[in-house]
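Okay, work.txt is below, compact mmCIF, C-alpha atoms:
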```txt
# COMPACT_ATOMS: atom_id res chain seq x y z
CA MET A 1 10.72 -6.27 -13.02
CA LYS A 2 8.96 -8.90 -15.09
CA ALA A 3 8.74 -12.69 -14.72
CA VAL A 4 7.16 -14.97 -17.30
CA HIS A 5 5.74 -18.21 -15.95
CA PHE A 6 4.55 -21.03 -18.22
CA GLY A 7 1.64 -22.87 -16.61
CA GLY A 8 -1.18 -21.12 -14.81
CA GLY A 9 -2.28 -24.24 -12.95
CA ASN A 10 -2.36 -24.83 -9.22
CA ILE A 11 1.40 -25.15 -8.74
CA GLY A 12 2.01 -22.20 -11.04
CA ARG A 13 -0.35 -19.91 -9.15
CA GLY A 14 -0.07 -21.39 -5.67
CA PHE A 15 3.69 -21.78 -5.49
CA ILE A 16 5.95 -20.32 -8.20
CA GLY A 17 3.79 -17.34 -9.14
CA LEU A 18 3.19 -16.56 -5.47
CA LEU A 19 6.91 -16.40 -4.63
CA LEU A 20 7.74 -14.40 -7.76
CA SER A 21 5.02 -11.88 -6.96
CA GLN A 22 6.16 -11.58 -3.36
CA ALA A 23 9.68 -10.94 -4.66
CA GLY A 24 8.41 -7.87 -6.51
CA TYR A 25 7.99 -9.25 -10.01
CA ARG A 26 5.07 -8.55 -12.29
CA VAL A 27 4.13 -12.10 -13.22
CA GLU A 28 2.83 -12.86 -16.70
CA PHE A 29 1.40 -16.37 -16.83
CA VAL A 30 1.39 -18.26 -20.12
CA ASP A 31 -1.37 -20.84 -20.47
CA VAL A 32 -3.69 -22.34 -23.10
CA ASN A 33 -6.79 -22.47 -20.93
CA ASP A 34 -9.06 -19.75 -22.31
CA GLU A 35 -11.02 -19.14 -19.11
CA LEU A 36 -7.93 -19.04 -16.90
CA VAL A 37 -6.19 -16.55 -19.19
CA ARG A 38 -9.27 -14.37 -19.40
CA LEU A 39 -9.78 -14.23 -15.63
CA LEU A 40 -6.13 -13.41 -14.92
CA GLN A 41 -6.23 -10.65 -17.52
CA GLU A 42 -9.47 -9.20 -16.14
CA ARG A 43 -8.64 -9.35 -12.43
CA GLY A 44 -4.87 -9.07 -12.24
CA ALA A 45 -4.98 -10.91 -8.91
CA TYR A 46 -5.95 -14.20 -7.24
CA THR A 47 -6.06 -15.78 -3.78
CA VAL A 48 -3.78 -18.48 -2.33
CA ARG A 49 -5.17 -20.32 0.71
CA LEU A 50 -3.14 -22.53 3.06
CA ALA A 51 -4.40 -26.00 3.91
CA ASN A 52 -4.25 -25.58 7.68
CA ALA A 53 -6.61 -24.88 10.56
CA GLU A 54 -6.41 -21.13 10.05
CA ALA A 55 -6.96 -21.34 6.26
CA GLU A 56 -4.69 -18.29 5.92
CA GLU A 57 -5.08 -16.37 2.68
CA THR A 58 -2.73 -14.28 0.56
CA VAL A 59 -3.88 -12.14 -2.34
CA VAL A 60 -1.37 -12.30 -5.18
CA ARG A 61 -1.43 -9.06 -7.15
CA ASN A 62 0.28 -7.51 -10.17
CA VAL A 63 -0.30 -10.54 -12.41
CA THR A 64 -1.72 -11.08 -15.87
CA ALA A 65 -1.75 -13.79 -18.53
CA ILE A 66 -0.91 -14.41 -22.18
CA HIS A 67 -2.52 -17.15 -24.22
CA GLY A 68 0.07 -19.75 -25.12
CA ASN A 69 -1.04 -19.72 -28.76
CA ASP A 70 -0.10 -16.05 -29.07
CA THR A 71 3.56 -16.78 -29.78
CA GLU A 72 4.39 -13.19 -30.70
CA ARG A 73 3.22 -11.81 -27.35
CA VAL A 74 4.90 -14.65 -25.46
CA ALA A 75 8.20 -14.02 -27.25
CA GLN A 76 8.01 -10.30 -26.54
CA ALA A 77 7.32 -10.95 -22.86
CA ILE A 78 10.39 -13.22 -22.66
CA ALA A 79 12.47 -10.56 -24.40
CA GLU A 80 11.55 -8.14 -21.61
CA ALA A 81 11.74 -10.52 -18.62
CA GLU A 82 14.38 -11.03 -15.97
CA VAL A 83 13.36 -14.60 -15.21
CA VAL A 84 11.29 -17.28 -16.96
CA THR A 85 9.88 -20.25 -15.04
CA THR A 86 7.76 -23.27 -15.93
CA ALA A 87 5.36 -25.64 -14.16
CA VAL A 88 3.69 -27.40 -17.07
CA GLY A 89 4.75 -31.01 -16.63
CA ALA A 90 8.01 -32.40 -17.98
CA GLY A 91 6.28 -33.86 -21.03
CA VAL A 92 4.98 -30.45 -22.09
CA LEU A 93 8.38 -28.72 -22.20
CA LYS A 94 8.82 -29.66 -25.85
CA HIS A 95 5.64 -27.75 -26.68
CA ILE A 96 6.84 -24.47 -25.15
CA ALA A 97 10.42 -24.65 -26.41
CA GLY A 98 9.58 -22.88 -29.67
CA ALA A 99 8.13 -19.81 -27.99
CA ILE A 100 11.08 -19.62 -25.61
CA ALA A 101 13.57 -19.90 -28.48
CA LYS A 102 11.79 -17.11 -30.31
CA GLY A 103 11.82 -14.98 -27.16
CA ILE A 104 15.55 -15.54 -26.65
CA GLU A 105 16.29 -14.63 -30.26
CA ARG A 106 14.28 -11.42 -29.93
CA ARG A 107 15.88 -10.57 -26.60
CA LEU A 108 19.45 -11.00 -27.83
CA ALA A 109 18.67 -8.72 -30.76
CA LEU A 110 17.84 -5.96 -28.24
CA SER A 111 20.29 -6.45 -25.39
CA GLU A 112 22.67 -8.80 -23.63
CA LYS A 113 21.05 -8.54 -20.22
CA PRO A 114 21.25 -11.98 -18.53
CA LEU A 115 18.13 -14.16 -18.51
CA HIS A 116 17.49 -17.13 -16.22
CA ILE A 117 15.07 -19.86 -17.32
CA ILE A 118 14.12 -22.33 -14.58
CA ALA A 119 11.97 -25.40 -15.22
CA CYS A 120 10.15 -26.12 -11.95
CA GLU A 121 9.04 -29.62 -12.90
CA ASN A 122 8.78 -32.88 -11.00
CA ALA A 123 11.73 -34.35 -12.87
CA ILE A 124 15.51 -34.57 -12.62
CA GLY A 125 17.36 -32.10 -14.85
CA ALA A 126 14.24 -30.45 -16.28
CA SER A 127 15.95 -27.13 -17.02
CA THR A 128 18.82 -28.92 -18.73
CA ARG A 129 16.31 -30.80 -20.86
CA LEU A 130 14.46 -27.58 -21.68
CA LYS A 131 17.75 -25.99 -22.75
CA GLN A 132 18.40 -28.85 -25.16
CA LEU A 133 14.94 -28.47 -26.66
CA VAL A 134 15.29 -24.69 -27.00
CA PHE A 135 18.83 -24.72 -28.41
CA GLU A 136 17.77 -27.19 -31.11
CA LEU A 137 15.46 -24.44 -32.37
CA LEU A 138 17.84 -21.50 -32.16
CA PRO A 139 19.67 -20.36 -35.30
CA GLU A 140 23.30 -21.47 -35.16
CA GLY A 141 24.58 -17.92 -35.00
CA ILE A 142 22.46 -17.20 -31.89
CA ARG A 143 23.49 -20.23 -29.84
CA GLU A 144 26.95 -18.96 -28.86
CA ARG A 145 25.52 -15.71 -27.50
CA ALA A 146 22.69 -17.57 -25.78
CA GLU A 147 25.28 -19.74 -24.00
CA ARG A 148 26.81 -16.56 -22.53
CA PHE A 149 23.68 -14.61 -21.66
CA VAL A 150 20.92 -17.17 -21.01
CA ALA A 151 21.15 -19.68 -18.15
CA PHE A 152 19.01 -22.74 -17.46
CA PRO A 153 19.62 -23.62 -13.78
CA ASP A 154 18.11 -26.92 -12.70
CA ALA A 155 15.77 -26.89 -9.72
CA ALA A 156 13.93 -29.10 -7.25
CA VAL A 157 10.43 -28.09 -6.17
CA ASP A 158 8.16 -29.52 -3.51
CA ARG A 159 4.66 -28.45 -2.51
CA ILE A 160 1.56 -30.63 -2.26
CA VAL A 161 -1.55 -29.20 -3.88
CA PRO A 162 -4.81 -30.89 -2.80
CA ILE A 163 -7.98 -31.35 -4.84
CA GLN A 164 -9.43 -27.91 -5.51
CA GLN A 165 -13.08 -27.15 -4.71
CA HIS A 166 -13.57 -23.40 -5.08
CA GLU A 167 -16.33 -21.32 -6.57
CA ASP A 168 -13.65 -18.88 -7.70
CA ARG A 169 -11.70 -20.45 -10.57
CA LEU A 170 -8.52 -18.59 -9.62
CA THR A 171 -8.39 -19.40 -5.91
CA VAL A 172 -5.90 -22.16 -5.11
CA THR A 173 -5.25 -24.09 -1.90
CA VAL A 174 -1.75 -25.35 -1.09
CA GLU A 175 -0.10 -27.00 1.89
CA PRO A 176 1.92 -24.70 4.18
CA PHE A 177 5.23 -26.46 3.48
CA TYR A 178 7.22 -25.70 0.35
CA GLU A 179 10.77 -26.08 -0.92
CA TRP A 180 12.27 -24.56 -4.07
CA VAL A 181 15.96 -25.35 -4.50
CA VAL A 182 17.98 -23.89 -7.40
CA ASP A 183 21.47 -24.72 -8.67
CA ARG A 184 23.49 -21.62 -7.82
CA SER A 185 26.48 -22.82 -9.84
CA ALA A 186 24.47 -22.42 -13.06
CA MET A 187 23.39 -18.83 -12.36
CA LEU A 188 24.94 -15.94 -14.29
CA ASP A 189 26.91 -13.19 -12.54
CA GLY A 190 24.82 -10.51 -10.89
CA TYR A 191 21.66 -12.60 -10.54
CA ARG A 192 19.02 -11.44 -8.11
CA GLU A 193 18.00 -14.02 -5.50
CA ILE A 194 14.30 -14.74 -5.07
CA PRO A 195 13.32 -14.73 -1.37
CA GLY A 196 12.07 -18.16 -0.34
CA VAL A 197 14.29 -19.97 -2.84
CA HIS A 198 17.20 -22.03 -1.49
CA TYR A 199 20.30 -21.71 -3.71
CA VAL A 200 22.87 -24.52 -3.52
CA ASP A 201 26.12 -25.35 -5.30
CA ARG A 202 25.26 -29.07 -5.60
CA LEU A 203 21.65 -29.64 -6.59
CA GLN A 204 21.63 -33.38 -7.23
CA PRO A 205 21.48 -34.38 -3.54
CA TYR A 206 18.43 -32.17 -3.00
CA ILE A 207 16.69 -33.36 -6.17
CA GLU A 208 17.11 -36.98 -5.16
CA ARG A 209 16.26 -36.30 -1.50
CA LYS A 210 12.91 -34.91 -2.63
CA LEU A 211 12.32 -37.56 -5.32
CA PHE A 212 13.29 -40.49 -3.10
CA THR A 213 11.36 -39.23 -0.05
CA VAL A 214 8.32 -37.17 -1.02
CA ASN A 215 7.62 -38.82 -4.37
CA THR A 216 8.62 -42.34 -3.35
CA GLY A 217 6.60 -42.10 -0.15
CA HIS A 218 3.56 -40.56 -1.85
CA CYS A 219 3.26 -43.21 -4.55
CA THR A 220 4.07 -46.02 -2.10
CA ALA A 221 1.11 -44.91 0.02
CA ALA A 222 -1.11 -44.67 -3.05
CA TYR A 223 -0.25 -48.06 -4.54
CA HIS A 224 -0.56 -49.96 -1.26
CA ALA A 225 -3.81 -48.13 -0.46
CA TYR A 226 -5.21 -48.97 -3.88
CA ALA A 227 -4.15 -52.61 -3.64
CA ARG A 228 -6.21 -52.91 -0.46
CA GLY A 229 -9.48 -52.00 -2.14
CA GLY A 230 -9.14 -50.53 -5.59
CA GLU A 231 -11.60 -47.78 -6.44
CA ASN A 232 -13.80 -48.87 -3.53
CA GLY A 233 -11.04 -48.70 -0.96
CA TYR A 234 -9.29 -45.67 0.51
CA ARG A 235 -10.27 -42.53 -1.39
CA THR A 236 -7.51 -40.23 -0.16
CA ILE A 237 -3.91 -40.49 0.99
CA GLN A 238 -5.01 -38.95 4.28
CA GLU A 239 -7.46 -41.85 4.86
CA ALA A 240 -4.83 -44.40 3.86
CA MET A 241 -2.32 -42.92 6.30
CA GLY A 242 -4.71 -43.84 9.09
CA ASP A 243 -4.04 -47.51 8.30
CA PRO A 244 -1.00 -48.74 10.28
CA SER A 245 -0.20 -51.32 7.60
CA VAL A 246 0.04 -48.63 4.90
CA VAL A 247 2.12 -46.40 7.16
CA ALA A 248 4.48 -49.32 7.83
CA GLU A 249 5.01 -49.80 4.09
CA VAL A 250 5.70 -46.10 3.53
CA HIS A 251 7.99 -45.82 6.54
CA GLY A 252 9.86 -48.94 5.47
CA ALA A 253 10.40 -47.68 1.92
CA LEU A 254 11.60 -44.30 3.16
CA GLY A 255 13.96 -46.00 5.57
CA GLU A 256 15.55 -47.72 2.57
CA THR A 257 15.74 -44.58 0.43
CA GLY A 258 17.01 -42.70 3.47
CA ALA A 259 19.87 -45.17 3.82
CA VAL A 260 20.70 -44.56 0.15
CA LEU A 261 20.66 -40.78 0.55
CA THR A 262 22.72 -40.61 3.73
CA ARG A 263 25.28 -43.06 2.36
CA GLN A 264 25.53 -41.47 -1.08
CA TYR A 265 25.37 -37.77 -0.22
CA GLY A 266 26.35 -37.54 3.42
CA PHE A 267 23.06 -36.18 4.76
CA ASP A 268 23.02 -36.29 8.56
CA GLU A 269 21.12 -39.43 9.60
CA ALA A 270 19.27 -37.78 12.48
CA GLU A 271 18.31 -34.77 10.36
CA HIS A 272 17.12 -37.00 7.55
CA ALA A 273 15.04 -39.06 10.00
CA LYS A 274 13.32 -35.79 11.02
CA TYR A 275 12.81 -34.97 7.33
CA ILE A 276 11.07 -38.34 6.84
CA GLU A 277 8.78 -37.74 9.83
CA ASN A 278 7.95 -34.29 8.45
CA ILE A 279 6.99 -35.88 5.13
CA LEU A 280 4.75 -38.44 6.86
CA GLU A 281 3.00 -35.65 8.76
CA ARG A 282 2.44 -33.81 5.48
CA PHE A 283 0.78 -36.94 4.06
CA ARG A 284 -1.49 -37.06 7.14
CA ASN A 285 -2.51 -33.38 6.94
CA PRO A 286 -6.31 -33.48 7.48
CA PHE A 287 -6.74 -30.22 5.58
CA LEU A 288 -5.45 -31.81 2.39
CA THR A 289 -7.62 -33.97 0.15
CA ASP A 290 -5.27 -35.90 -2.07
CA GLU A 291 -6.94 -38.70 -4.02
CA VAL A 292 -5.23 -42.08 -4.10
CA VAL A 293 -5.97 -42.45 -7.81
CA ARG A 294 -4.46 -39.03 -8.57
CA VAL A 295 -1.24 -39.80 -6.72
CA GLY A 296 -1.03 -43.26 -8.30
CA ARG A 297 -1.64 -42.13 -11.88
CA SER A 298 1.00 -42.65 -14.59
CA PRO A 299 2.42 -45.88 -13.11
CA ILE A 300 4.53 -46.57 -16.22
CA ARG A 301 6.42 -43.32 -15.78
CA LYS A 302 6.82 -43.92 -12.07
CA LEU A 303 8.19 -47.43 -12.69
CA SER A 304 10.83 -46.26 -15.18
CA PRO A 305 14.54 -46.82 -14.39
CA ASP A 306 15.35 -43.21 -13.45
CA GLU A 307 12.24 -42.60 -11.37
CA ARG A 308 11.21 -42.70 -7.71
CA LEU A 309 10.99 -46.46 -7.17
CA VAL A 310 13.49 -48.22 -9.42
CA ARG A 311 16.36 -45.71 -9.23
CA PRO A 312 16.74 -45.86 -5.42
CA LEU A 313 16.32 -49.64 -5.65
CA THR A 314 19.26 -50.07 -8.02
CA ILE A 315 21.45 -47.56 -6.16
CA ALA A 316 20.69 -49.40 -2.92
CA ARG A 317 21.90 -52.65 -4.46
CA GLU A 318 25.19 -50.99 -5.46
CA LEU A 319 25.57 -49.82 -1.86
CA GLY A 320 24.69 -53.19 -0.35
CA ILE A 321 21.40 -51.97 1.17
CA GLU A 322 18.48 -54.40 1.42
CA THR A 323 15.20 -53.17 -0.08
CA PRO A 324 12.20 -55.39 0.74
CA TYR A 325 9.85 -52.40 1.04
CA LEU A 326 10.83 -50.85 -2.29
CA ILE A 327 10.34 -54.26 -3.90
CA LYS A 328 6.81 -54.39 -2.47
CA ALA A 329 6.06 -50.82 -3.58
CA ILE A 330 7.02 -51.73 -7.17
CA ALA A 331 4.85 -54.84 -6.98
CA ALA A 332 1.94 -52.77 -5.70
CA ALA A 333 2.42 -50.30 -8.57
CA LEU A 334 2.00 -53.19 -11.02
CA LEU A 335 -1.42 -53.84 -9.47
CA PHE A 336 -2.66 -50.29 -10.07
CA ASP A 337 -5.50 -50.95 -12.52
CA TYR A 338 -7.48 -47.72 -12.28
CA PRO A 339 -9.45 -47.79 -15.56
CA GLU A 340 -9.52 -44.02 -16.12
CA ASP A 341 -5.73 -43.68 -16.21
CA PRO A 342 -4.25 -44.37 -19.69
CA GLU A 343 -0.93 -45.63 -18.35
CA ALA A 344 -2.65 -47.95 -15.88
CA LYS A 345 -4.71 -49.39 -18.76
CA GLU A 346 -1.59 -49.91 -20.87
CA LEU A 347 0.22 -51.52 -17.95
CA GLN A 348 -2.61 -53.96 -17.27
CA GLN A 349 -2.91 -54.81 -20.95
CA THR A 350 0.80 -55.62 -21.07
CA LEU A 351 0.48 -57.76 -17.97
CA ARG A 352 -2.40 -59.71 -19.52
CA GLU A 353 -0.88 -60.15 -22.95
CA LEU A 354 2.82 -60.61 -22.19
CA GLY A 355 2.89 -61.64 -18.53
CA VAL A 356 4.40 -60.15 -15.41
CA SER A 357 8.01 -60.96 -16.21
CA GLU A 358 7.96 -59.21 -19.59
CA ALA A 359 6.11 -56.22 -18.11
CA VAL A 360 8.69 -55.83 -15.33
CA ALA A 361 11.56 -56.00 -17.81
CA ARG A 362 9.89 -53.56 -20.20
CA TYR A 363 8.93 -50.88 -17.69
CA THR A 364 11.60 -51.09 -14.97
CA GLY A 365 14.58 -51.99 -17.16
CA LEU A 366 15.40 -54.90 -14.83
CA ALA A 367 16.23 -57.92 -17.02
CA GLU A 368 14.82 -61.36 -16.30
CA SER A 369 18.31 -62.47 -15.25
CA ASP A 370 18.47 -59.76 -12.57
CA PRO A 371 17.78 -61.12 -9.04
CA LEU A 372 15.72 -57.99 -8.30
CA HIS A 373 13.42 -58.97 -11.17
CA ALA A 374 12.60 -62.31 -9.53
CA ARG A 375 11.98 -60.67 -6.16
CA ILE A 376 9.50 -58.24 -7.73
CA LEU A 377 7.63 -61.14 -9.36
CA ASP A 378 7.42 -63.01 -6.04
CA SER A 379 6.18 -59.92 -4.23
CA TYR A 380 3.63 -59.25 -6.97
CA GLU A 381 2.13 -62.72 -6.64
CA THR A 382 2.03 -62.45 -2.84
CA LEU A 383 0.30 -59.05 -2.90
CA LYS A 384 -2.16 -60.12 -5.56
CA ASN A 385 -3.15 -63.28 -3.72
CA ASN A 386 -3.40 -61.65 -0.28
CA ASN A 387 -5.53 -58.64 -1.16
CA PRO A 388 -9.27 -58.86 -1.95
CA HIS A 389 -9.14 -56.27 -4.73
CA THR A 390 -6.35 -58.01 -6.64
CA LYS A 391 -7.04 -61.65 -5.91
CA GLY A 392 -7.52 -63.50 -9.16
CA SER A 393 -6.70 -60.47 -11.32
CA ALA A 394 -5.55 -60.71 -14.91
CA ALA A 395 -1.81 -61.22 -15.03
CA ARG A 396 0.08 -64.38 -14.09
```

Go through the file and emit its structure as structure tokens.
Amino acid sequence: MKAVHFGGGNIGRGFIGLLLSQAGYRVEFVDVNDELVRLLQERGAYTVRLANAEAEETVVRNVTAIHGNDTERVAQAIAEAEVVTTAVGAGVLKHIAGAIAKGIERRLALSEKPLHIIACENAIGASTRLKQLVFELLPEGIRERAERFVAFPDAAVDRIVPIQQHEDRLTVTVEPFYEWVVDRSAMLDGYREIPGVHYVDRLQPYIERKLFTVNTGHCTAAYHAYARGGENGYRTIQEAMGDPSVVAEVHGALGETGAVLTRQYGFDEAEHAKYIENILERFRNPFLTDEVVRVGRSPIRKLSPDERLVRPLTIARELGIETPYLIKAIAAALLFDYPEDPEAKELQQTLRELGVSEAVARYTGLAESDPLHARILDSYETLKNNNPHTKGSAAR
């Protein structure tokens, strides 16, 4: 059995590739990093280490790699595969769609054996989006057959990967916890389940549970930690989670998103409270080294209407749930001025040139007439004036 996985990075090797290999697949990674591809081809194996006291290790075998620029080889691998997965970043899907389309076309010319393509990205509906990109490139006569024999089930994935410091380029450290949830209703008849994957008939609740808990909590910790000292403040999320004031902000925000999730999807309140505590313990894991500036990067994307801060905020309003902590998390995100992050630079430039109100409207989609807009502005001014790092900063 063959699996093709796009993205040989830490999540690709330490999570998706690991589970596929353990399920008995020969995993062929597709990547554009010359050194990574060469090493995977030469060794055919790599080590995954758990970020815990035991530092348990698993050797992942029966793997290789194809350079992403070798479209012919990539297409042939897809034509022969049972499953194709991705972990490249949602913004990169458009760059791999061509090779996937070519692989599907070649496959359907040889057989009608079902193929499942699963985008394991940190985004809602990533597989659906990938399907749209791929189908735009398929010849019209192929699309109808592809609809019948190629499936793109959406998925939710969750595993924290810390900063990597290994002499061996292929070794990857990951936290012990993981969750990979796949939409069973989109699978084709006769599919083979991958051990360790949770198949559900309704994926949306699990996607939003992860997005509104893990991702909301992670960036809330990062933005409040950064606001307390900038680059000279807390270096890691683990350090920040030792500050009771940061923990209070994270816990408060997750209490609000938790109210949204239990009200909207019927999650058991007690079970969800345990889920939140589990997430907080993951953030505290002393064997992880997760930089505040890494978690906080791309603030424009994270402030967008369908993302981890604004989406639960607007749903909460529809449900009559108060959200003072989410408001503060959004305000703290506006103060993220890390100079090495392109989105942070753009955000700060917009704040300086157009002002806070215009920036909030532009990036969150909340109009100036929206009461939530005014509350974010008030919280922004309060945070900026009360924290040494942000006091007197550019935007007013």

Hey, what's within 10 Å of Glu105 of chain A if we count all atoms listed in the file and toss same-chain stuff fewer than 6 positions away? As a PyMOL selection string, please?
-> chain A and resi 75+78-79+99+138-139+142-143+145-146

Any idea what's packed within 6 Å of segment 343-345 of chain A, counting only C-alpha atoms, ignoring anything in its chain fewer than 4 positions away? Could you give it as a list of chain:residue names?
->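 That gives A:Ser298, A:Ile300, A:Asp337, A:Pro339.
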
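Taking atom CA of Phe152 of chain A as the reference point, atom CA of Arg73 of chain A is found at 21.6 Å.
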
What is the atom CA of Glu112 of chain A to atom CA of Gly17 of chain A distance in Å?
->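 For atom CA of Glu112 of chain A relative to atom CA of Gly17 of chain A, the distance reads 25.3 Å.
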
Find the distance between atom CA of His251 of chain A and atom CA of Asp290 of chain A and write it in Å to one decimal.
-> 18.7 Å

Excluding segment 181-193 of chain A and any residue of its chain fewer than 5 positions from it, enumerate the residues within 10 Å of it, using all atoms listed in the file, and give them as a VMD selection string.
-> chain A and resid 23 82 to 83 114 to 120 148 to 158 198 to 204 206 to 207

Place a sphere of radius 12 Å on (-9.2, -22.7, -18.6) in the file coordinates and name every protein, DNA or RNA residue with an atom inside or on its surface, counting all atoms listed in the file; give the answer as a list in words.
-> Gly7, Gly8, Gly9, Asn10, Val30, Asp31, Val32, Asn33, Asp34, Glu35, Leu36, Val37, Arg38, Leu39, Leu40, Ala65, His67, Gly68, Arg169 and Leu170 of chain A

Select, from A:Leu108, A:Glu271, A:Thr257, A:Leu326, the residue with the minimum atom-to-atom distance to Gly141 of chain A, counting all atoms listed in the file.
->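 When distances to Gly141 of chain A are compared using all atoms listed in the file, the smallest one comes from A:Leu108.
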
Show which residues sit within 10 Å of segment 48-52 of chain A, as number ranges by chain. Count all atoms listed in the file, and ignore same-chain residues fewer than 3 positions away.
-> A: 10, 13-15, 18, 55-60, 160-162, 170-177, 285-289

Write the residues you've just listed into a file as an mmCIF file, keeping the file's coordinate frame, and include C-alpha atoms for each of them.
```
data_model
loop_
_atom_site.group_PDB
_atom_site.id
_atom_site.type_symbol
_atom_site.label_atom_id
_atom_site.label_comp_id
_atom_site.auth_asym_id
_atom_site.auth_seq_id
_atom_site.Cartn_x
_atom_site.Cartn_y
_atom_site.Cartn_z
ATOM 1 C CA ASN A 10 -2.360 -24.830 -9.220
ATOM 2 C CA ARG A 13 -0.350 -19.910 -9.150
ATOM 3 C CA GLY A 14 -0.070 -21.390 -5.670
ATOM 4 C CA PHE A 15 3.690 -21.780 -5.490
ATOM 5 C CA LEU A 18 3.190 -16.560 -5.470
ATOM 6 C CA ALA A 55 -6.960 -21.340 6.260
ATOM 7 C CA GLU A 56 -4.690 -18.290 5.920
ATOM 8 C CA GLU A 57 -5.080 -16.370 2.680
ATOM 9 C CA THR A 58 -2.730 -14.280 0.560
ATOM 10 C CA VAL A 59 -3.880 -12.140 -2.340
ATOM 11 C CA VAL A 60 -1.370 -12.300 -5.180
ATOM 12 C CA ILE A 160 1.560 -30.630 -2.260
ATOM 13 C CA VAL A 161 -1.550 -29.200 -3.880
ATOM 14 C CA PRO A 162 -4.810 -30.890 -2.800
ATOM 15 C CA LEU A 170 -8.520 -18.590 -9.620
ATOM 16 C CA THR A 171 -8.390 -19.400 -5.910
ATOM 17 C CA VAL A 172 -5.900 -22.160 -5.110
ATOM 18 C CA THR A 173 -5.250 -24.090 -1.900
ATOM 19 C CA VAL A 174 -1.750 -25.350 -1.090
ATOM 20 C CA GLU A 175 -0.100 -27.000 1.890
ATOM 21 C CA PRO A 176 1.920 -24.700 4.180
ATOM 22 C CA PHE A 177 5.230 -26.460 3.480
ATOM 23 C CA ASN A 285 -2.510 -33.380 6.940
ATOM 24 C CA PRO A 286 -6.310 -33.480 7.480
ATOM 25 C CA PHE A 287 -6.740 -30.220 5.580
ATOM 26 C CA LEU A 288 -5.450 -31.810 2.390
ATOM 27 C CA THR A 289 -7.620 -33.970 0.150
#
```

Sort by chain and increasing residue number a table of all residues of segment 103-132 of chain A within 9 Å of segment 210-219 of chain A, each with its closest pair of atoms and their distance in Å to one decimal, counting all atoms listed in the file, and write it as CSV.
```
residue,atom,partner,partner_atom,distance
A:Asn122,CA,A:Leu211,CA,8.2
A:Ala123,CA,A:Leu211,CA,8.2
A:Ile124,CA,A:Leu211,CA,8.5
```

With a distance cut-off of 8 Å and all atoms listed in the file, select the neighbouring residues of Arg235 of chain A, excluding the residue or stretch itself and same-chain residues fewer than 4 positions from it, and output the selection as a tab-separated table (two decimals) with C-alpha atoms, keeping the file's coordinate frame.
```
chain	number	residue	atom	x	y	z
A	231	GLU	CA	-11.60	-47.78	-6.44
A	239	GLU	CA	-7.46	-41.85	4.86
A	240	ALA	CA	-4.83	-44.40	3.86
A	291	GLU	CA	-6.94	-38.70	-4.02
A	292	VAL	CA	-5.23	-42.08	-4.10
A	293	VAL	CA	-5.97	-42.45	-7.81
```

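Among the candidate residues A:Thr86, A:Asn385, A:Glu147, A:Ala367, the one lying nearest to Ala126 of chain A is A:Thr86, with distances computed using only C-alpha atoms.
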